[in-house]
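work.txt (compact mmCIF, C-alpha atoms) appears below.
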```txt
# COMPACT_ATOMS: atom_id res chain seq x y z
CA MET A 1 0.00 0.00 0.00
CA THR A 2 1.40 3.40 -0.88
CA ALA A 3 1.63 6.27 1.59
CA ARG A 4 -1.18 7.94 -0.32
CA GLU A 5 -3.44 4.91 0.08
CA GLN A 6 -2.60 4.71 3.76
CA TYR A 7 -3.30 8.36 4.40
CA ALA A 8 -6.27 9.07 6.68
CA PRO A 9 -6.86 12.56 8.06
CA GLY A 10 -7.30 13.05 11.79
CA PRO A 11 -10.42 14.53 13.35
CA ALA A 12 -11.54 18.05 12.48
CA SER A 13 -9.56 20.57 14.48
CA GLY A 14 -7.82 23.90 14.28
CA ALA A 15 -10.59 25.74 12.48
CA GLN A 16 -12.92 28.51 13.53
CA VAL A 17 -15.38 30.79 11.84
CA ARG A 18 -15.61 34.51 12.34
CA ARG A 19 -19.03 35.84 11.45
CA ASP A 20 -19.38 39.44 10.38
CA GLY A 21 -22.92 39.77 9.03
CA GLU A 22 -23.05 37.97 5.70
CA LYS A 23 -19.28 37.86 5.48
CA TRP A 24 -17.84 34.81 7.14
CA THR A 25 -14.15 34.17 7.52
CA LEU A 26 -12.65 30.74 7.92
CA ILE A 27 -9.59 30.73 10.17
CA LEU A 28 -7.39 27.67 9.98
CA VAL A 29 -4.40 27.01 12.19
CA ARG A 30 -1.90 24.23 11.63
CA GLU A 31 1.33 23.54 13.45
CA LEU A 32 4.08 22.26 11.17
CA ARG A 33 7.43 20.84 12.23
CA HIS A 34 9.32 22.88 9.71
CA SER A 35 10.87 26.32 9.70
CA PRO A 36 8.90 29.36 8.52
CA GLU A 37 11.41 29.73 5.67
CA LYS A 38 10.62 26.24 4.43
CA VAL A 39 6.86 26.74 4.80
CA TRP A 40 7.11 30.09 3.03
CA GLN A 41 8.66 28.39 0.00
CA ALA A 42 5.81 25.88 -0.10
CA LEU A 43 3.25 28.72 0.01
CA THR A 44 4.82 30.78 -2.75
CA ASP A 45 6.76 28.56 -5.16
CA PRO A 46 4.61 27.34 -8.08
CA ALA A 47 6.39 23.97 -8.22
CA GLN A 48 5.63 23.31 -4.55
CA LEU A 49 2.08 24.68 -4.70
CA ARG A 50 1.42 22.14 -7.43
CA GLU A 51 2.17 19.40 -4.89
CA TRP A 52 -0.47 20.38 -2.34
CA ALA A 53 -2.56 23.52 -3.04
CA PRO A 54 -6.06 23.67 -4.54
CA PHE A 55 -4.78 26.03 -7.23
CA ASP A 56 -1.80 26.38 -9.55
CA ALA A 57 0.12 29.63 -9.77
CA ASP A 58 1.88 30.70 -12.96
CA ARG A 59 4.63 32.49 -11.03
CA SER A 60 5.84 33.00 -7.50
CA LEU A 61 3.42 34.46 -4.97
CA GLY A 62 6.38 35.68 -2.94
CA THR A 63 6.81 39.15 -4.42
CA VAL A 64 4.59 42.02 -3.44
CA GLY A 65 2.98 43.76 -6.42
CA SER A 66 3.41 40.87 -8.83
CA THR A 67 0.43 39.71 -10.83
CA VAL A 68 -0.17 35.99 -10.67
CA LYS A 69 -2.68 33.80 -12.47
CA LEU A 70 -4.28 31.20 -10.21
CA THR A 71 -5.96 28.18 -11.80
CA THR A 72 -8.45 26.38 -9.59
CA VAL A 73 -7.59 22.70 -9.91
CA GLY A 74 -10.31 20.36 -11.07
CA ALA A 75 -13.11 22.92 -11.46
CA PRO A 76 -15.90 21.63 -13.73
CA LYS A 77 -14.92 24.30 -16.24
CA PRO A 78 -11.43 25.85 -16.44
CA HIS A 79 -11.30 28.58 -13.83
CA VAL A 80 -8.44 31.09 -13.91
CA THR A 81 -8.33 34.27 -11.85
CA GLU A 82 -5.69 36.92 -11.67
CA THR A 83 -4.41 38.36 -8.42
CA THR A 84 -1.91 40.92 -7.27
CA VAL A 85 0.15 40.00 -4.24
CA THR A 86 -0.62 42.74 -1.73
CA ARG A 87 1.71 41.60 1.05
CA ALA A 88 4.77 39.38 1.02
CA ASP A 89 6.83 39.75 4.17
CA ALA A 90 8.95 36.61 3.99
CA PRO A 91 8.70 34.44 5.97
CA LYS A 92 5.90 35.92 8.04
CA ALA A 93 2.89 37.26 6.15
CA LEU A 94 1.43 36.73 2.70
CA GLU A 95 -1.72 38.25 1.22
CA TYR A 96 -3.44 37.96 -2.15
CA LYS A 97 -6.85 37.03 -3.50
CA TRP A 98 -8.07 33.74 -4.91
CA GLY A 99 -11.04 34.77 -7.05
CA GLY A 100 -13.28 36.69 -4.69
CA PHE A 101 -11.60 35.20 -1.60
CA ASP A 102 -9.12 37.13 0.51
CA MET A 103 -6.19 34.90 1.37
CA ARG A 104 -4.14 35.98 4.35
CA TRP A 105 -1.39 33.71 5.60
CA GLU A 106 0.61 34.18 8.76
CA LEU A 107 3.67 32.16 9.69
CA GLU A 108 4.80 32.23 13.27
CA ALA A 109 8.00 30.54 14.47
CA VAL A 110 7.11 28.20 17.33
CA GLY A 111 9.83 26.02 18.80
CA GLY A 112 11.63 24.66 15.80
CA GLY A 113 8.48 24.75 13.68
CA THR A 114 5.82 27.05 12.33
CA ARG A 115 2.31 27.89 13.37
CA LEU A 116 0.60 28.53 10.06
CA THR A 117 -2.68 30.49 10.05
CA LEU A 118 -4.90 31.11 7.07
CA TRP A 119 -7.74 33.62 7.08
CA THR A 120 -10.01 33.27 4.08
CA ASN A 121 -13.47 34.59 3.48
CA ILE A 122 -15.65 31.90 2.00
CA ASP A 123 -19.30 31.66 1.16
CA ARG A 124 -20.93 30.53 4.41
CA ARG A 125 -22.92 27.83 2.62
CA PHE A 126 -19.67 26.12 1.68
CA ILE A 127 -17.58 26.91 4.72
CA SER A 128 -17.40 23.41 6.21
CA MET A 129 -16.48 22.00 2.80
CA GLY A 130 -13.71 24.58 2.61
CA ALA A 131 -12.44 23.61 6.05
CA ALA A 132 -12.47 19.91 5.06
CA GLY A 133 -10.62 20.66 1.83
CA TRP A 134 -7.94 22.77 3.51
CA HIS A 135 -7.54 20.16 6.26
CA ILE A 136 -6.57 17.59 3.64
CA CYS A 137 -4.39 20.10 1.78
CA PHE A 138 -2.46 20.89 4.97
CA ASP A 139 -1.91 17.18 5.63
CA VAL A 140 -0.57 16.81 2.10
CA LEU A 141 1.61 19.91 2.67
CA ASP A 142 2.98 18.37 5.86
CA HIS A 143 3.94 15.20 3.99
CA LEU A 144 5.59 17.28 1.27
CA LEU A 145 7.65 19.24 3.78
CA ARG A 146 8.75 16.04 5.49
CA GLY A 147 10.10 14.79 2.21
CA THR A 148 7.48 12.05 1.90
CA PRO A 149 5.05 13.60 -0.60
CA ILE A 150 1.78 11.74 -1.11
CA GLY A 151 0.53 13.89 -4.00
CA ARG A 152 -2.07 16.60 -4.20
CA MET A 153 -5.63 15.70 -3.16
CA VAL A 154 -8.12 18.34 -4.17
CA ALA A 155 -11.45 18.80 -5.87
CA GLY A 156 -13.37 15.71 -6.99
CA GLU A 157 -10.53 13.46 -5.98
CA ALA A 158 -10.65 14.66 -2.37
CA MET A 159 -14.45 14.40 -2.31
CA LYS A 160 -14.48 10.82 -3.54
CA PHE A 161 -12.42 10.08 -0.49
CA GLY A 162 -14.74 9.09 2.39
CA HIS A 163 -12.72 11.05 4.94
CA TRP A 164 -13.63 14.28 3.20
CA GLN A 165 -17.32 13.62 3.88
CA ARG A 166 -16.54 12.90 7.53
CA LEU A 167 -14.45 16.07 7.90
CA ASN A 168 -17.15 18.14 6.23
CA ALA A 169 -19.72 16.81 8.72
CA GLU A 170 -17.37 17.29 11.69
CA TYR A 171 -16.54 20.87 10.77
CA ALA A 172 -20.20 21.68 10.13
CA LYS A 173 -20.98 20.39 13.61
CA GLN A 174 -18.14 22.40 15.15
CA PHE A 175 -19.30 25.56 13.38
CA GLY A 176 -22.90 24.90 14.36
CA ILE A 177 -24.16 24.94 10.79
CA GLU A 178 -26.04 22.57 8.59
CA THR A 179 -23.96 21.17 5.86
CA ARG A 180 -25.42 20.75 2.45
CA ASN A 181 -25.98 17.45 0.85
CA TRP A 182 -23.36 16.83 -1.65
CA PRO A 183 -25.01 15.91 -4.90
CA PRO A 184 -22.40 15.83 -7.63
CA PRO A 185 -24.03 16.91 -10.91
CA ALA A 186 -24.42 13.38 -12.26
CA ALA A 187 -26.19 12.15 -9.12
CA GLN A 188 -28.29 15.24 -8.90
CA ARG A 189 -29.59 14.74 -12.38
CA ARG A 190 -31.12 11.46 -11.35
CA SER A 191 -32.68 12.79 -8.16
CA GLN A 192 -34.48 15.69 -9.81
CA MET B 1 -23.14 14.30 -28.04
CA LYS B 2 -25.86 16.56 -26.77
CA ILE B 3 -26.14 20.29 -26.24
CA LYS B 4 -26.91 20.40 -22.53
CA LEU B 5 -25.48 23.66 -21.28
CA THR B 6 -24.98 27.24 -22.22
CA SER B 7 -23.52 30.00 -20.09
CA VAL B 8 -24.02 33.65 -19.38
CA TYR B 9 -21.56 35.75 -17.45
CA VAL B 10 -23.02 37.60 -14.49
CA ASP B 11 -21.53 40.16 -12.14
CA ASP B 12 -23.10 38.62 -9.01
CA GLN B 13 -24.26 35.00 -8.80
CA ASP B 14 -26.69 35.46 -5.90
CA LYS B 15 -28.36 38.39 -7.63
CA ALA B 16 -28.44 36.40 -10.84
CA LEU B 17 -30.01 33.41 -9.15
CA ARG B 18 -32.76 35.63 -7.75
CA PHE B 19 -33.43 37.23 -11.13
CA TYR B 20 -33.38 34.02 -13.17
CA THR B 21 -35.63 32.19 -10.69
CA GLN B 22 -37.92 34.80 -9.14
CA VAL B 23 -38.29 37.14 -12.11
CA LEU B 24 -37.81 34.89 -15.13
CA GLY B 25 -39.24 31.80 -13.43
CA PHE B 26 -36.48 29.25 -14.00
CA ALA B 27 -35.53 26.70 -11.33
CA LYS B 28 -32.16 26.18 -9.71
CA LYS B 29 -30.58 23.00 -11.02
CA ALA B 30 -26.99 22.75 -9.71
CA ASP B 31 -25.19 24.76 -7.10
CA PHE B 32 -21.85 23.75 -5.67
CA SER B 33 -18.54 25.38 -5.13
CA GLN B 34 -14.90 24.55 -5.34
CA GLY B 35 -12.70 27.19 -3.84
CA PRO B 36 -13.89 30.49 -5.24
CA PHE B 37 -15.47 28.75 -8.21
CA ARG B 38 -19.23 28.28 -7.93
CA TRP B 39 -21.01 26.10 -10.42
CA LEU B 40 -24.53 27.42 -10.60
CA THR B 41 -27.11 26.46 -13.20
CA VAL B 42 -30.82 26.91 -13.77
CA ALA B 43 -33.24 25.07 -15.99
CA SER B 44 -36.74 25.69 -17.23
CA PRO B 45 -39.47 24.12 -15.08
CA GLU B 46 -41.17 23.27 -18.38
CA GLU B 47 -38.16 21.16 -19.26
CA PRO B 48 -36.29 20.25 -16.05
CA ASP B 49 -33.92 17.88 -17.81
CA GLY B 50 -33.48 20.21 -20.73
CA THR B 51 -30.60 22.53 -21.48
CA GLU B 52 -29.13 24.16 -18.40
CA LEU B 53 -28.06 27.76 -18.23
CA GLN B 54 -24.89 28.32 -16.25
CA LEU B 55 -24.74 31.60 -14.35
CA ALA B 56 -20.98 32.09 -14.46
CA LEU B 57 -19.23 34.78 -12.51
CA ASN B 58 -17.49 37.24 -14.84
CA ALA B 59 -14.43 37.11 -12.60
CA ASN B 60 -11.82 37.56 -15.28
CA PRO B 61 -10.99 40.47 -17.59
CA ALA B 62 -11.90 38.59 -20.78
CA ALA B 63 -15.36 37.70 -19.44
CA LYS B 64 -16.03 41.27 -18.29
CA ALA B 65 -14.87 42.78 -21.59
CA TYR B 66 -16.94 40.32 -23.62
CA GLN B 67 -20.03 40.87 -21.49
CA GLN B 68 -19.77 44.66 -21.64
CA ALA B 69 -19.12 44.70 -25.39
CA LEU B 70 -22.19 42.55 -26.10
CA PHE B 71 -24.33 44.72 -23.85
CA GLN B 72 -23.13 47.99 -25.40
CA GLN B 73 -23.83 46.68 -28.87
CA GLY B 74 -27.34 45.68 -27.85
CA GLN B 75 -26.60 42.00 -28.37
CA PRO B 76 -28.40 39.51 -26.14
CA ALA B 77 -26.20 37.23 -24.08
CA ALA B 78 -28.86 34.52 -24.20
CA MET B 79 -32.12 33.87 -25.96
CA PHE B 80 -35.08 32.02 -24.50
CA PHE B 81 -37.97 30.66 -26.53
CA THR B 82 -41.56 30.99 -25.48
CA ASP B 83 -44.97 30.21 -26.90
CA ASP B 84 -46.39 33.45 -25.55
CA VAL B 85 -43.99 36.37 -25.73
CA LYS B 86 -46.65 38.97 -24.94
CA GLY B 87 -47.85 37.07 -21.88
CA ASP B 88 -44.28 36.54 -20.67
CA TYR B 89 -43.50 40.19 -21.31
CA GLU B 90 -46.40 41.23 -19.05
CA ARG B 91 -45.58 38.66 -16.37
CA VAL B 92 -41.86 39.36 -16.23
CA LYS B 93 -42.41 43.11 -16.39
CA ALA B 94 -44.87 42.89 -13.50
CA ARG B 95 -42.13 41.22 -11.44
CA GLY B 96 -39.92 44.26 -11.97
CA ALA B 97 -37.82 43.49 -15.04
CA GLU B 98 -36.77 46.35 -17.25
CA PHE B 99 -37.40 45.77 -20.95
CA THR B 100 -35.36 47.58 -23.57
CA MET B 101 -37.66 46.36 -26.34
CA PRO B 102 -41.32 45.43 -26.00
CA PRO B 103 -42.63 42.51 -28.07
CA THR B 104 -41.76 43.42 -31.64
CA ASP B 105 -42.51 41.57 -34.86
CA VAL B 106 -39.44 40.68 -36.86
CA THR B 107 -38.81 38.18 -39.63
CA GLY B 108 -40.18 34.84 -38.58
CA SER B 109 -40.68 35.75 -34.93
CA THR B 110 -41.74 38.19 -32.29
CA ILE B 111 -38.96 39.27 -29.94
CA ALA B 112 -38.57 41.28 -26.77
CA MET B 113 -35.42 42.31 -24.92
CA LEU B 114 -34.84 42.86 -21.23
CA LYS B 115 -32.01 43.54 -18.82
CA ASP B 116 -31.09 40.71 -16.45
CA THR B 117 -29.70 43.18 -13.82
CA CYS B 118 -26.37 41.31 -13.94
CA GLY B 119 -24.89 42.99 -16.99
CA ASN B 120 -26.75 41.26 -19.83
CA LEU B 121 -29.52 41.69 -22.30
CA ILE B 122 -31.80 38.70 -22.64
CA GLN B 123 -33.98 38.12 -25.66
CA LEU B 124 -37.35 36.40 -25.55
CA THR B 125 -38.38 34.89 -28.83
CA GLN B 126 -41.65 33.50 -30.06
CA LEU B 127 -41.40 31.89 -33.44
CA ALA B 128 -44.14 32.77 -35.88
CA ARG B 129 -46.63 29.92 -35.98
CA ARG B 130 -45.80 27.49 -38.67
CA LYS B 131 -48.45 26.75 -41.25
CA ALA B 132 -50.00 23.32 -41.03
CA GLN B 133 -48.04 20.94 -43.20
```

Would you mind writing the file out in structure tokens?
Amino acid sequence: MTAREQYAPGPASGAQVRRDGEKWTLILVRELRHSPEKVWQALTDPAQLREWAPFDADRSLGTVGSTVKLTTVGAPKPHVTETTVTRADAPKALEYKWGGFDMRWELEAVGGGTRLTLWTNIDRRFISMGAAGWHICFDVLDHLLRGTPIGRMVAGEAMKFGHWQRLNAEYAKQFGIETRNWPPPAAQRRSQ
Amino acid sequence: MKIKLTSVYVDDQDKALRFYTQVLGFAKKADFSQGPFRWLTVASPEEPDGTELQLALNANPAAKAYQQALFQQGQPAAMFFTDDVKGDYERVKARGAEFTMPPTDVTGSTIAMLKDTCGNLIQLTQLARRKAQ
């Protein structure tokens, strides 16, 4: 069995939701046993993003003012958005937009590792799905940084994976929200 | 192969969903998201398994430019067929839609044009009744 096949995410944790009227922000915290410099590279370098992130970048996200095209991986129709990096204080703070989402990353040196925090505004109807997706992405990132990459797991591929459904339900419960049923388009067609 | 989907760009998907369902009378068909991408479609209640209309966010410069250019040239972004354009015109107008052209006879059809509030013109078309074969 490969490391990818053996991978099973732990229980939902490290996420909270900040509600500001209709605008909800998902705040995700993950402790990584790697230096902020190493984590910074994984957050900004297109080759490393391709190993774990839910989007591809056409150039480094590590330079303030640069314009970067982000391609959402596995969207049902190609989805490319352009962003300008508004903050890049290596290896501490990184800000840009992914489509309409604000992406604010903070890297804090803790012991020999990094406490990584992501603030991202996300449509409240999909917020537990977002938390589940990022949970898996961060696990994959952790494997990458340890030098034992298991390969990116995003989009439909992550959702096929039973653990994603469990995480979605767990986060929804933690956030005190109802999660939506997940009818992929093919299944939905039959049910309607 | 089948033609199952067509798309219009919109500047706000929630506003679009309200307009296409509450004003035009279509029904939501698919709605899910992946990151900032939201796949949102509606279908006609008269034909629930018929062609879907994707309400796609115009979140890139090419989409915005295309949408604005069509609008400025008076070109509809989508065309819907009806058996009763005058009745639909009255119904949709009563729900608050702004028409840029009332039902007008043209070659082979009667058409009307309205704004979808999301950056598009929409054309309603009623084909002239065919003569009995």

I want to know what sits within 9 Å of range 29-41 of chain B, based on only C-alpha atoms, with residues of the same chain fewer than 6 positions away left out; could you give that as JSON, numbers by chain? {"A": [54, 55, 72, 73, 74, 75, 76, 77, 79, 98, 99, 100, 101, 122, 123, 126, 129, 130, 133, 155, 182, 183, 184, 185, 188, 189, 192], "B": [5, 7, 13, 17, 48, 52, 53, 54, 55, 56, 57]}

Test item: residues at most 12 Å from Val23 in chain B, only C-alpha atoms, excluding those fewer than 2 positions along its chain, as a ChimeraX atom specification: /B:15-21,25-27,88-98,114-117

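By all atoms listed in the file, and with residues fewer than 3 positions from range 64-80 of chain B along its chain excluded, the set lying at most 8 Å from it is Val8, Tyr9, Asn58, Ala59, Asn60, Pro61, Met113, Gly119, Asn120, Leu121, Ile122, Gln123, Leu124 and Thr125 of chain B.
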
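Between CA of Asp11 in chain B and CA of Cys118 in chain B the separation is 5.3 Å.
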
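Distances here use only C-alpha atoms; by that measure, the residue among A:Ile27, A:Leu49, A:Val140, A:Val80 closest to chain B is A:Val80.
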
As a check of understanding: the span from CA of Thr83 in chain A to CA of Ile127 in chain A is 21.8 Å

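Residue neighbourhood of Pro36 in chain A, excluding near-sequence residues (fewer than 4 positions): Trp40, Pro91 and Thr114 of chain A, at 6 Å, using all atoms listed in the file.
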
Kindly indicate which residue among A:Gly112, A:Gly162, A:Cys137, A:Ile150 lies nearest to Arg33 in chain A, using all atoms listed in the file for the distances.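 Closest candidate: A:Gly112.
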
Please indicate the distance in Å from CA of Met103 in chain A to CA of Thr148 in chain A, rounded to one decimal place.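 Atom-to-atom, CA of Met103 in chain A and CA of Thr148 in chain A are spaced 26.6 Å apart.
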
Between A:Lys69, A:His135, A:Glu170, A:Trp105, smallest distance to chain B by all atoms listed in the file belongs to A:Lys69

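Shortest separation to chain B among A:Arg166, A:Arg115, A:Arg125, A:Arg19 occurs at residue A:Arg125, atoms counted being only C-alpha atoms.
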
Between A:His143, A:Pro78, A:Glu108, A:Leu94, single out the one closest to chain B, counting all atoms listed in the file.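 Among the listed residues, A:Pro78 lies closest to chain B.
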
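Distances from B:Ile3, B:Leu127, B:Ala63, B:Leu24 to chain A were compared using all atoms listed in the file, and the smallest one belongs to B:Ala63.
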
For range 14-94 of chain B of the structure just presented, write C-alpha atoms to a file, as a tab-separated table (two decimals), in the first residue's frame.
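Contents of part.tsv, freshly written:
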```
chain	number	residue	atom	x	y	z
B	14	ASP	CA	-26.69	35.46	-5.90
B	15	LYS	CA	-28.36	38.39	-7.63
B	16	ALA	CA	-28.44	36.40	-10.84
B	17	LEU	CA	-30.01	33.41	-9.15
B	18	ARG	CA	-32.76	35.63	-7.75
B	19	PHE	CA	-33.43	37.23	-11.13
B	20	TYR	CA	-33.38	34.02	-13.17
B	21	THR	CA	-35.63	32.19	-10.69
B	22	GLN	CA	-37.92	34.80	-9.14
B	23	VAL	CA	-38.29	37.14	-12.11
B	24	LEU	CA	-37.81	34.89	-15.13
B	25	GLY	CA	-39.24	31.80	-13.43
B	26	PHE	CA	-36.48	29.25	-14.00
B	27	ALA	CA	-35.53	26.70	-11.33
B	28	LYS	CA	-32.16	26.18	-9.71
B	29	LYS	CA	-30.58	23.00	-11.02
B	30	ALA	CA	-26.99	22.75	-9.71
B	31	ASP	CA	-25.19	24.76	-7.10
B	32	PHE	CA	-21.85	23.75	-5.67
B	33	SER	CA	-18.54	25.38	-5.13
B	34	GLN	CA	-14.90	24.55	-5.34
B	35	GLY	CA	-12.70	27.19	-3.84
B	36	PRO	CA	-13.89	30.49	-5.24
B	37	PHE	CA	-15.47	28.75	-8.21
B	38	ARG	CA	-19.23	28.28	-7.93
B	39	TRP	CA	-21.01	26.10	-10.42
B	40	LEU	CA	-24.53	27.42	-10.60
B	41	THR	CA	-27.11	26.46	-13.20
B	42	VAL	CA	-30.82	26.91	-13.77
B	43	ALA	CA	-33.24	25.07	-15.99
B	44	SER	CA	-36.74	25.69	-17.23
B	45	PRO	CA	-39.47	24.12	-15.08
B	46	GLU	CA	-41.17	23.27	-18.38
B	47	GLU	CA	-38.16	21.16	-19.26
B	48	PRO	CA	-36.29	20.25	-16.05
B	49	ASP	CA	-33.92	17.88	-17.81
B	50	GLY	CA	-33.48	20.21	-20.73
B	51	THR	CA	-30.60	22.53	-21.48
B	52	GLU	CA	-29.13	24.16	-18.40
B	53	LEU	CA	-28.06	27.76	-18.23
B	54	GLN	CA	-24.89	28.32	-16.25
B	55	LEU	CA	-24.74	31.60	-14.35
B	56	ALA	CA	-20.98	32.09	-14.46
B	57	LEU	CA	-19.23	34.78	-12.51
B	58	ASN	CA	-17.49	37.24	-14.84
B	59	ALA	CA	-14.43	37.11	-12.60
B	60	ASN	CA	-11.82	37.56	-15.28
B	61	PRO	CA	-10.99	40.47	-17.59
B	62	ALA	CA	-11.90	38.59	-20.78
B	63	ALA	CA	-15.36	37.70	-19.44
B	64	LYS	CA	-16.03	41.27	-18.29
B	65	ALA	CA	-14.87	42.78	-21.59
B	66	TYR	CA	-16.94	40.32	-23.62
B	67	GLN	CA	-20.03	40.87	-21.49
B	68	GLN	CA	-19.77	44.66	-21.64
B	69	ALA	CA	-19.12	44.70	-25.39
B	70	LEU	CA	-22.19	42.55	-26.10
B	71	PHE	CA	-24.33	44.72	-23.85
B	72	GLN	CA	-23.13	47.99	-25.40
B	73	GLN	CA	-23.83	46.68	-28.87
B	74	GLY	CA	-27.34	45.68	-27.85
B	75	GLN	CA	-26.60	42.00	-28.37
B	76	PRO	CA	-28.40	39.51	-26.14
B	77	ALA	CA	-26.20	37.23	-24.08
B	78	ALA	CA	-28.86	34.52	-24.20
B	79	MET	CA	-32.12	33.87	-25.96
B	80	PHE	CA	-35.08	32.02	-24.50
B	81	PHE	CA	-37.97	30.66	-26.53
B	82	THR	CA	-41.56	30.99	-25.48
B	83	ASP	CA	-44.97	30.21	-26.90
B	84	ASP	CA	-46.39	33.45	-25.55
B	85	VAL	CA	-43.99	36.37	-25.73
B	86	LYS	CA	-46.65	38.97	-24.94
B	87	GLY	CA	-47.85	37.07	-21.88
B	88	ASP	CA	-44.28	36.54	-20.67
B	89	TYR	CA	-43.50	40.19	-21.31
B	90	GLU	CA	-46.40	41.23	-19.05
B	91	ARG	CA	-45.58	38.66	-16.37
B	92	VAL	CA	-41.86	39.36	-16.23
B	93	LYS	CA	-42.41	43.11	-16.39
B	94	ALA	CA	-44.87	42.89	-13.50
```
